[in-house]
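Undergrad: The file below is structure-v6.tsv, TSV, C-alpha atoms:
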```tsv
chain	number	residue	atom	x	y	z
M	1	MET	CA	17.58	61.78	-171.94
M	2	SER	CA	18.55	58.66	-170.00
M	3	ALA	CA	21.97	57.05	-170.36
M	4	PHE	CA	20.22	54.00	-171.81
M	5	GLN	CA	18.55	56.10	-174.47
M	6	ALA	CA	21.79	57.94	-175.27
M	7	SER	CA	23.65	54.67	-175.78
M	8	ASN	CA	20.82	53.44	-177.98
M	9	ASP	CA	21.05	56.63	-180.04
M	10	ARG	CA	24.74	55.89	-180.49
M	11	HIS	CA	23.78	52.46	-181.90
M	12	VAL	CA	21.38	54.07	-184.34
M	13	ILE	CA	23.90	56.69	-185.42
M	14	ASP	CA	26.56	53.97	-185.87
M	15	TRP	CA	24.08	52.00	-187.95
M	16	LEU	CA	23.31	55.05	-190.07
M	17	GLN	CA	26.98	55.81	-190.57
M	18	THR	CA	28.29	52.29	-191.19
M	19	ALA	CA	25.42	51.31	-193.49
M	20	SER	CA	26.25	54.40	-195.57
M	21	ALA	CA	30.02	54.13	-195.23
M	22	ALA	CA	30.59	52.00	-198.31
M	23	ALA	CA	29.66	55.01	-200.40
M	24	ALA	CA	32.89	55.58	-202.29
M	25	PRO	CA	31.85	56.88	-205.70
M	26	SER	CA	32.43	54.04	-208.15
M	27	ALA	CA	34.80	54.30	-211.10
M	28	GLU	CA	31.69	54.26	-213.27
M	29	LEU	CA	30.21	57.28	-211.49
M	30	HIS	CA	33.50	59.14	-211.88
M	31	ARG	CA	33.71	58.29	-215.57
M	32	ARG	CA	30.20	59.57	-216.08
M	33	LEU	CA	31.01	62.82	-214.32
M	34	GLU	CA	34.17	63.12	-216.42
M	35	THR	CA	32.12	62.67	-219.62
M	36	LEU	CA	29.42	65.14	-218.55
M	37	ALA	CA	31.99	67.72	-217.45
M	38	GLU	CA	33.96	67.37	-220.67
M	39	ARG	CA	30.78	67.70	-222.73
M	40	ALA	CA	29.70	70.78	-220.79
M	41	GLY	CA	33.14	72.35	-221.31
M	42	LEU	CA	33.74	72.34	-217.56
M	43	LEU	CA	36.85	70.23	-217.52
M	44	ASP	CA	39.60	72.82	-217.79
M	45	VAL	CA	42.33	70.62	-216.35
M	46	ALA	CA	42.25	66.82	-216.29
M	47	TYR	CA	44.83	64.88	-214.33
M	48	ARG	CA	45.95	61.39	-213.50
M	49	THR	CA	49.06	59.71	-212.14
M	50	VAL	CA	51.12	57.00	-213.80
M	51	GLU	CA	53.76	54.70	-212.38
M	52	SER	CA	57.21	54.90	-213.93
M	53	PRO	CA	60.76	53.66	-213.30
M	54	ILE	CA	61.54	57.14	-211.93
M	55	GLY	CA	58.57	57.13	-209.55
M	56	PRO	CA	54.91	58.14	-209.83
M	57	LEU	CA	54.32	60.96	-212.31
M	58	LEU	CA	51.44	63.40	-212.23
M	59	LEU	CA	50.10	64.23	-215.71
M	60	ALA	CA	47.79	67.20	-216.26
M	61	ALA	CA	46.17	68.31	-219.51
M	62	THR	CA	44.04	71.16	-220.77
M	63	PRO	CA	41.86	70.71	-223.88
M	64	ALA	CA	44.91	71.98	-225.84
M	65	GLY	CA	47.30	69.28	-224.65
M	66	ILE	CA	49.52	68.07	-221.84
M	67	VAL	CA	50.26	71.08	-219.67
M	68	ARG	CA	52.24	69.69	-216.75
M	69	VAL	CA	54.25	66.64	-215.76
M	70	ALA	CA	55.31	66.52	-212.12
M	71	PHE	CA	57.62	64.26	-210.17
M	72	GLU	CA	56.72	62.83	-206.81
M	73	ARG	CA	59.32	64.99	-205.02
M	74	GLU	CA	57.48	68.13	-206.18
M	75	GLY	CA	54.41	67.03	-204.16
M	76	HIS	CA	51.52	66.18	-206.47
M	77	ASP	CA	48.92	67.90	-204.26
M	78	ALA	CA	50.99	71.08	-204.15
M	79	VAL	CA	51.35	71.00	-207.94
M	80	LEU	CA	47.59	70.56	-208.40
M	81	ALA	CA	46.93	73.45	-206.02
M	82	ARG	CA	49.26	75.67	-208.08
M	83	LEU	CA	47.60	74.58	-211.33
M	84	ALA	CA	44.24	75.51	-209.82
M	85	GLY	CA	45.60	79.00	-209.20
M	86	GLU	CA	47.51	79.44	-212.46
M	87	LEU	CA	45.10	77.78	-214.91
M	88	SER	CA	41.66	77.05	-213.48
M	89	PRO	CA	40.11	75.60	-210.36
M	90	ARG	CA	38.06	73.29	-212.59
M	91	ILE	CA	40.42	70.38	-212.12
M	92	LEU	CA	39.16	66.83	-212.17
M	93	HIS	CA	40.78	63.44	-211.84
M	94	ALA	CA	39.90	62.39	-215.39
M	95	PRO	CA	42.27	59.74	-216.71
M	96	ARG	CA	40.80	59.42	-220.18
M	97	ARG	CA	42.12	62.70	-221.52
M	98	LEU	CA	45.57	61.46	-220.56
M	99	ASP	CA	45.33	57.90	-221.84
M	100	GLY	CA	47.43	58.72	-224.91
M	101	ALA	CA	50.16	60.43	-222.90
M	102	ALA	CA	50.25	57.59	-220.39
M	103	ARG	CA	50.59	55.05	-223.20
M	104	GLU	CA	53.40	56.99	-224.87
M	105	LEU	CA	55.31	57.28	-221.60
M	106	GLU	CA	54.94	53.58	-220.97
M	107	GLN	CA	56.36	52.84	-224.44
M	108	TYR	CA	59.18	55.32	-223.85
M	109	PHE	CA	60.21	53.65	-220.60
M	110	ALA	CA	60.00	50.24	-222.32
M	111	GLN	CA	62.40	51.60	-225.01
M	112	ARG	CA	59.73	51.18	-227.65
M	113	ARG	CA	59.32	54.91	-228.34
M	114	ARG	CA	61.86	57.66	-229.04
M	115	THR	CA	59.64	60.65	-229.80
M	116	PHE	CA	56.30	61.78	-228.40
M	117	ASP	CA	53.26	62.52	-230.56
M	118	VAL	CA	50.79	63.91	-228.00
M	119	GLU	CA	49.89	67.58	-228.16
M	120	LEU	CA	51.66	69.82	-225.64
M	121	ASP	CA	50.24	72.97	-224.05
M	122	LEU	CA	53.14	75.31	-223.23
M	123	THR	CA	50.92	77.84	-221.43
M	124	LEU	CA	52.98	77.61	-218.24
M	125	ALA	CA	56.22	78.78	-219.92
M	126	HIS	CA	56.66	82.37	-221.08
M	127	GLY	CA	59.13	84.44	-223.12
M	128	PHE	CA	62.72	83.24	-223.26
M	129	ARG	CA	61.78	80.12	-221.30
M	130	ARG	CA	59.43	79.07	-224.03
M	131	SER	CA	62.14	79.57	-226.69
M	132	VAL	CA	64.41	77.35	-224.57
M	133	LEU	CA	61.72	74.65	-224.44
M	134	ALA	CA	61.40	74.83	-228.23
M	135	GLU	CA	65.15	74.21	-228.51
M	136	LEU	CA	65.00	71.33	-226.05
M	137	ARG	CA	62.42	69.60	-228.24
M	138	ARG	CA	64.99	69.62	-231.06
M	139	ILE	CA	67.55	67.56	-229.10
M	140	PRO	CA	67.19	64.01	-230.43
M	141	TYR	CA	66.72	60.89	-228.33
M	142	GLY	CA	70.02	59.66	-226.93
M	143	ALA	CA	71.84	62.96	-227.60
M	144	THR	CA	72.84	65.64	-225.09
M	145	LYS	CA	73.55	69.36	-225.32
M	146	SER	CA	75.18	71.80	-222.92
M	147	TYR	CA	73.28	74.63	-221.21
M	148	ALA	CA	75.52	77.08	-223.11
M	149	ALA	CA	74.64	75.50	-226.47
M	150	VAL	CA	70.92	75.63	-225.62
M	151	ALA	CA	71.16	79.32	-224.64
M	152	ARG	CA	72.92	80.05	-227.95
M	153	ALA	CA	70.34	78.12	-229.97
M	154	ALA	CA	67.49	79.90	-228.17
M	155	GLY	CA	68.92	83.21	-229.40
M	156	ASN	CA	70.80	84.52	-226.38
M	157	ALA	CA	74.29	83.09	-225.97
M	158	GLY	CA	74.84	85.10	-222.79
M	159	ALA	CA	71.79	83.69	-221.03
M	160	VAL	CA	73.28	80.37	-219.90
M	161	ARG	CA	71.92	80.82	-216.40
M	162	ALA	CA	68.46	81.69	-217.72
M	163	ALA	CA	68.58	78.64	-219.98
M	164	ALA	CA	69.48	76.46	-216.99
M	165	SER	CA	66.62	77.99	-215.04
M	166	ALA	CA	64.22	77.34	-217.93
M	167	CYS	CA	65.27	73.69	-217.84
M	168	ALA	CA	64.85	73.55	-214.08
M	169	GLN	CA	61.35	75.06	-214.39
M	170	ASN	CA	60.33	72.98	-217.41
M	171	PRO	CA	56.60	72.27	-216.89
M	172	LEU	CA	56.74	69.26	-219.21
M	173	PRO	CA	59.75	67.12	-218.32
M	174	LEU	CA	60.14	63.93	-220.42
M	175	PHE	CA	57.88	65.30	-223.19
M	176	VAL	CA	60.21	68.31	-223.42
M	177	PRO	CA	63.51	66.50	-222.82
M	178	CYS	CA	65.34	68.83	-220.46
M	179	HIS	CA	67.13	65.75	-219.12
M	180	ARG	CA	69.21	65.85	-222.32
M	181	VAL	CA	70.82	69.13	-221.25
M	182	VAL	CA	74.02	68.57	-219.31
M	183	LYS	CA	76.83	70.71	-217.91
M	184	SER	CA	79.72	71.74	-220.16
M	185	ASP	CA	82.08	69.50	-218.15
M	186	GLY	CA	79.95	66.51	-219.12
M	187	SER	CA	78.35	65.94	-215.71
M	188	ALA	CA	74.55	65.56	-215.73
M	189	GLY	CA	73.66	68.55	-213.54
M	190	ASP	CA	70.42	69.19	-211.68
M	191	TYR	CA	66.98	67.92	-212.58
M	192	ARG	CA	63.47	68.68	-211.35
M	193	GLY	CA	62.99	64.95	-210.80
M	194	GLY	CA	66.34	64.59	-209.00
M	195	ARG	CA	69.82	63.79	-210.29
M	196	GLU	CA	69.20	60.09	-209.96
M	197	ALA	CA	66.17	60.26	-212.26
M	198	LYS	CA	68.16	62.25	-214.80
M	199	ALA	CA	70.96	59.66	-214.77
M	200	LYS	CA	68.40	56.89	-215.24
M	201	LEU	CA	66.82	58.63	-218.24
M	202	LEU	CA	70.19	59.27	-219.88
M	203	ALA	CA	71.15	55.62	-219.30
M	204	LEU	CA	67.80	54.45	-220.70
M	205	GLU	CA	68.31	56.46	-223.88
M	206	GLY	CA	71.98	55.54	-224.12
M	207	GLY	CA	71.14	51.86	-223.90
M	208	GLY	CA	68.31	52.14	-226.42
U	209	MET	CA	36.65	69.19	-204.02
U	210	ALA	CA	37.21	65.54	-204.95
U	211	GLU	CA	37.85	64.57	-201.33
U	212	HIS	CA	34.19	65.30	-200.55
U	213	GLY	CA	32.90	62.93	-203.25
U	214	PRO	CA	32.06	60.16	-200.76
U	215	THR	CA	30.28	62.53	-198.33
U	216	VAL	CA	28.11	63.96	-201.08
U	217	LEU	CA	27.31	60.46	-202.33
U	218	ARG	CA	26.34	59.32	-198.81
U	219	VAL	CA	24.01	62.28	-198.55
U	220	CYS	CA	22.45	61.66	-201.97
U	221	ARG	CA	21.98	57.97	-201.23
U	222	ALA	CA	20.35	58.66	-197.88
U	223	LEU	CA	17.90	61.12	-199.46
U	224	LEU	CA	17.04	59.42	-202.76
U	225	GLU	CA	16.47	56.18	-204.64
U	226	PRO	CA	19.77	54.64	-205.84
U	227	ALA	CA	19.48	55.70	-209.50
U	228	ASP	CA	18.33	59.21	-208.56
U	229	ALA	CA	21.17	59.43	-206.02
U	230	ALA	CA	23.79	58.73	-208.68
U	231	ASP	CA	22.29	61.40	-210.93
U	232	ALA	CA	22.08	63.90	-208.07
U	233	TRP	CA	25.74	63.22	-207.25
U	234	SER	CA	26.84	63.89	-210.84
U	235	GLU	CA	24.67	67.00	-211.06
U	236	THR	CA	26.05	68.30	-207.78
U	237	PHE	CA	29.63	68.10	-208.99
U	238	LEU	CA	28.79	69.51	-212.42
U	239	ALA	CA	27.09	72.48	-210.77
U	240	ALA	CA	30.04	72.80	-208.41
U	241	LEU	CA	32.54	72.80	-211.29
U	242	ARG	CA	30.46	75.49	-212.94
U	243	ALA	CA	30.26	77.67	-209.83
U	244	TYR	CA	33.64	76.91	-208.28
U	245	PRO	CA	35.51	79.90	-209.74
U	246	ARG	CA	33.03	82.18	-207.94
U	247	LEU	CA	33.38	80.46	-204.56
U	248	ARG	CA	34.98	82.80	-202.02
U	249	GLU	CA	38.40	81.80	-200.80
U	250	GLY	CA	38.29	80.18	-197.37
U	251	SER	CA	34.72	78.94	-197.80
U	252	ASP	CA	33.74	75.59	-196.30
U	253	VAL	CA	33.78	73.49	-199.47
U	254	ARG	CA	32.04	70.51	-197.85
U	255	ALA	CA	29.11	72.56	-196.55
U	256	TRP	CA	28.88	74.30	-199.92
U	257	LEU	CA	28.78	70.97	-201.79
U	258	VAL	CA	26.15	69.57	-199.41
U	259	THR	CA	24.04	72.66	-200.01
U	260	ILE	CA	24.20	72.04	-203.76
U	261	ALA	CA	23.44	68.34	-203.19
U	262	HIS	CA	20.40	69.34	-201.10
U	263	ARG	CA	19.03	71.37	-204.04
U	264	LYS	CA	19.82	68.64	-206.56
U	265	ALA	CA	18.10	66.07	-204.32
U	266	LEU	CA	15.00	68.26	-204.21
U	267	ASP	CA	15.09	68.46	-208.03
U	268	GLN	CA	15.27	64.68	-208.22
U	269	LEU	CA	12.39	64.28	-205.75
U	270	ARG	CA	10.26	66.68	-207.82
U	271	ARG	CA	11.14	64.74	-210.96
U	272	ALA	CA	10.26	61.46	-209.27
U	273	ALA	CA	6.96	62.93	-208.07
U	274	ARG	CA	6.15	64.04	-211.64
U	275	ARG	CA	6.94	60.56	-212.90
U	276	THR	CA	4.56	59.07	-210.36
U	277	ALA	CA	1.87	61.67	-211.11
U	278	ASN	CA	2.11	60.83	-214.81
U	279	GLY	CA	1.58	57.19	-213.91
U	280	ARG	CA	5.03	56.18	-215.02
U	281	ALA	CA	7.40	54.15	-212.92
U	282	ALA	CA	11.04	55.08	-212.56
U	283	PRO	CA	12.97	54.47	-215.79
U	284	ALA	CA	13.97	50.83	-216.10
U	285	GLU	CA	17.42	51.90	-217.23
U	286	PRO	CA	18.69	54.65	-214.94
U	287	ALA	CA	21.10	57.13	-216.51
U	288	THR	CA	23.78	56.02	-214.08
U	289	HIS	CA	24.01	52.62	-212.55
U	290	ASP	CA	24.93	52.79	-208.89
U	291	PRO	CA	26.39	49.41	-207.99
U	292	ALA	CA	26.47	49.95	-204.21
U	293	PRO	CA	23.17	51.29	-202.91
U	294	ALA	CA	22.74	51.82	-199.20
U	295	ASP	CA	21.61	49.08	-196.84
U	296	ASP	CA	17.96	48.12	-197.52
U	297	GLU	CA	16.83	48.33	-193.90
U	298	LEU	CA	18.37	51.75	-193.51
U	299	ARG	CA	16.75	52.90	-196.73
U	300	ALA	CA	13.33	51.72	-195.56
U	301	ALA	CA	13.84	53.40	-192.19
U	302	LEU	CA	14.89	56.70	-193.81
U	303	ASP	CA	12.03	56.51	-196.31
U	304	ALA	CA	9.60	56.34	-193.39
U	305	LEU	CA	10.85	59.59	-191.81
U	306	PRO	CA	9.11	62.93	-192.38
U	307	PRO	CA	11.23	64.97	-194.86
U	308	LYS	CA	12.57	67.47	-192.30
U	309	GLN	CA	13.64	64.74	-189.90
U	310	ARG	CA	15.27	62.83	-192.71
U	311	GLY	CA	17.11	65.93	-193.88
U	312	ALA	CA	18.21	66.89	-190.35
U	313	VAL	CA	19.51	63.37	-189.60
U	314	VAL	CA	21.36	63.08	-192.92
U	315	TYR	CA	22.91	66.55	-192.79
U	316	ARG	CA	23.89	66.19	-189.15
U	317	TYR	CA	25.26	62.66	-189.05
U	318	LEU	CA	26.38	61.95	-192.63
U	319	ALA	CA	27.44	65.43	-193.73
U	320	GLU	CA	28.38	66.75	-190.26
U	321	LEU	CA	26.87	70.18	-190.84
U	322	THR	CA	26.14	72.48	-187.93
U	323	TYR	CA	22.53	72.98	-186.81
U	324	ALA	CA	22.74	76.56	-188.10
U	325	GLU	CA	23.68	75.27	-191.57
U	326	ILE	CA	20.99	72.59	-191.42
U	327	GLY	CA	18.42	75.21	-190.41
U	328	ARG	CA	19.31	77.24	-193.50
U	329	LEU	CA	18.88	74.18	-195.75
U	330	LEU	CA	15.60	73.08	-194.19
U	331	ASP	CA	14.26	76.59	-193.82
U	332	CYS	CA	13.92	76.42	-190.04
U	333	SER	CA	15.73	77.70	-186.93
U	334	PRO	CA	18.85	75.95	-185.60
U	335	ILE	CA	16.76	74.87	-182.59
U	336	ALA	CA	14.13	73.31	-184.84
U	337	ALA	CA	16.90	71.65	-186.85
U	338	ARG	CA	18.30	70.11	-183.66
U	339	ARG	CA	14.81	68.93	-182.64
U	340	ASN	CA	14.21	67.40	-186.08
U	341	ALA	CA	17.51	65.53	-185.87
U	342	ALA	CA	16.68	64.23	-182.39
U	343	ASP	CA	13.15	63.19	-183.42
U	344	GLY	CA	14.55	61.56	-186.54
U	345	ILE	CA	17.05	59.54	-184.51
U	346	ALA	CA	14.27	58.53	-182.09
U	347	ASN	CA	12.15	57.30	-185.00
U	348	LEU	CA	15.12	55.47	-186.51
U	349	ARG	CA	15.82	53.90	-183.12
U	350	ALA	CA	12.38	52.24	-183.11
U	351	ARG	CA	12.91	50.88	-186.63
U	352	TYR	CA	16.46	49.85	-185.82
U	353	ALA	CA	15.29	47.76	-182.86
U	354	ARG	CA	12.65	46.06	-185.03
U	355	ALA	CA	15.19	45.39	-187.79
U	356	ARG	CA	17.67	43.89	-185.31
U	357	SER	CA	15.07	41.62	-183.69
U	358	ARG	CA	13.96	40.40	-187.13
U	359	ARG	CA	17.49	39.67	-188.23
U	360	ARG	CA	18.46	37.88	-185.02
U	361	PRO	CA	15.36	35.98	-183.92
U	362	ASN	CA	17.07	34.49	-180.85
U	363	PRO	CA	17.44	37.34	-178.31
U	364	THR	CA	19.90	35.41	-176.11
U	365	THR	CA	22.61	35.60	-178.80
U	366	SER	CA	21.74	39.13	-179.82
U	367	LYS	CA	24.06	41.65	-178.32
U	368	GLY	CA	22.10	44.64	-179.62
U	369	ALA	CA	18.63	43.68	-178.37
U	370	LYS	CA	17.66	44.78	-174.90
U	371	ARG	CA	14.50	43.35	-173.50
```
Could you express the structure from this file as structure tokens?
TA:
Amino acid sequence: MSAFQASNDRHVIDWLQTASAAAAPSAELHRRLETLAERAGLLDVAYRTVESPIGPLLLAATPAGIVRVAFEREGHDAVLARLAGELSPRILHAPRRLDGAARELEQYFAQRRRTFDVELDLTLAHGFRRSVLAELRRIPYGATKSYAAVARAAGNAGAVRAAASACAQNPLPLFVPCHRVVKSDGSAGDYRGGREAKAKLLALEGGG
Amino acid sequence: MAEHGPTVLRVCRALLEPADAADAWSETFLAALRAYPRLREGSDVRAWLVTIAHRKALDQLRRAARRTANGRAAPAEPATHDPAPADDELRAALDALPPKQRGAVVYRYLAELTYAEIGRLLDCSPIAARRNAADGIANLRARYARARSRRRPNPTTSKGAKR
């Protein structure tokens, strides 16, 4: 093959590739796939991200409800990869299943909502951790509780450390308000979304 | 899997009519969602998806052939509207290629498969796959030159045309 011919081939290949390059699947195509997958029962985990005053949040849901909320610092891709392993590899960016959750979060951050109504799927929490999450859901908007009080309420007064760990591993922050659990000395303590985010949430609820 | 959406769509669009391409794309990902749990860890997901797309494209071509045989045109309202079909000239040039050349060119240059993988898809040896890709590019080159000279009638301002 001559050099002339080779350079001409390059033109043709460039043409082929650039003329096809605009082929990002449209939102409409994605929506259709989402609908077909949902209808065929192939959408085990749907996810989307939402913007929030404490940074972008990843929301994931099974057909049973919201299963995971993740902060940016956790690495959304890493979280999705773990969900694929723990729940199902049939994960699709499918915002519609999470429209309700996104709306409720938006209202919460705008101080127009104090409790959440969306269904939660607690699959990712087991045993004592799940009892802790149940207790967390009883702490009202604007109130706080100590880790020791949560451990006691969850049925094991001695398990303060385990209660703290259940909060730290809470798969559904915000919806299960682990940010309302603070240290006995009154300081906010750690948070999966960072101490700053926790302080912001407590301030938001205190000012509402 | 989602990161390969554009590649699969490029392949479908280069092999099929726009409406059929959109359907083939959806069907590819539905089939992939169905089969994904059985995919071996460490598999090349892109090559696997392109293989599925190849089969779905063949299904669409068979369906289109049946439509033509029954004397019916393509449905006026496609199931999925694809708002960004490929370049018309490119489509015409690809349509004019023999099926194996078209497949080899698309799988090599849009899906970046190896000739061994392309050979498996097209049911030929890697050497034949390479030859089909080269012949396909040569055929496209002729059409490309004609398309360029039509679009830019004045050759003195045309940087692509070589006389």
Undergrad: Just want the 9 Å neighbourhood of stretch 238-252 of chain U, counted on all atoms listed in the file, with same-chain residues fewer than 2 positions away dropped. Output as a PyMOL selection string.
TA: (chain M and resi 33+36-37+40+42-43+88-92) or (chain U and resi 209+233-236+254-257+260)
Undergrad: Between atom CA of M:Glu28 and atom CA of M:Phe71, what is the distance, to one decimal in Å?
TA: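 If I compute the distance from atom CA of M:Glu28 to atom CA of M:Phe71, I get 28.0 Å.
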Undergrad: Which residue out of M:Gly85, M:Pro95, M:Pro56, M:Gly75 has the minimum interatomic distance to chain U when all atoms listed in the file are used?
TA: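 Closest candidate: M:Gly85.
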Undergrad: Would you mind reading off the distance between atom CA of M:Leu136 and atom CA of M:Pro177, one decimal, in Å?
TA: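 Going from atom CA of M:Leu136 over to atom CA of M:Pro177 covers 6.0 Å.
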Undergrad: Enumerate as a ChimeraX atom specification the residues belonging to chain M that approach chain U to within 10 Å, with only C-alpha atoms taken into account.
TA: /M:5,8-26,28-30,32-34,36-38,40-44,84,88-93
Undergrad: Figure out the distance between atom CA of M:Ala151 and atom CA of M:Val182, please, to one decimal in Å.
TA: 12.3 Å
Undergrad: Taking 2 positions as the minimum chain separation for residues in the same chain, which residues sit within 12 Å of U:Gly327 when counting only C-alpha atoms? Answer as a list in words.
TA: Thr259, Lys308, Gln309, Gly311, Ala312, Val313, Tyr315, Arg316, Leu321, Thr322, Tyr323, Ala324, Glu325, Leu329, Leu330, Asp331, Cys332, Ser333, Pro334, Ile335, Ala336, Ala337, Arg338, Arg339, Asn340 and Ala341 of chain U
Undergrad: Could you list, as a VMD selection string, every residue within 12 Å of M:Ser187, counting all atoms listed in the file and ignoring same-chain residues fewer than 2 positions away?
TA: chain M and resid 144 to 147 179 to 185 189 to 191 195 198 to 199 202
Undergrad: Need to verify the contact set: M:Phe109, 10 Å, all atoms listed in the file, exclusion of same-chain residues closer than 2 positions in sequence. Can you return it as a list in words?
TA: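 These residues fall inside the cut-off: Ser52, Pro53, Ile54, Glu104, Leu105, Glu106, Gln107, Gln111, Arg112, Arg113, Arg114, Leu201, Leu204 and Glu205 of chain M.
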Undergrad: Can you save stretch 186-200 of chain M of the given block to a file, including C-alpha atoms and formatted as a compact mmCIF listing (two decimals), in the first residue's frame?
TA:
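Final output, decode_14.txt:
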```txt
# COMPACT_ATOMS: atom_id res chain seq x y z
CA GLY M 186 -22.92 17.45 72.87
CA SER M 187 -20.39 17.58 70.01
CA ALA M 188 -21.69 16.38 66.62
CA GLY M 189 -19.29 13.47 66.09
CA ASP M 190 -18.46 11.70 62.84
CA TYR M 191 -20.65 11.39 59.78
CA ARG M 192 -20.45 9.37 56.57
CA GLY M 193 -20.91 12.61 54.65
CA GLY M 194 -18.27 14.44 56.71
CA ARG M 195 -18.54 16.48 59.90
CA GLU M 196 -19.24 19.62 57.95
CA ALA M 197 -22.28 18.06 56.27
CA LYS M 198 -23.57 16.86 59.64
CA ALA M 199 -23.22 20.36 61.11
CA LYS M 200 -25.07 21.80 58.12
```
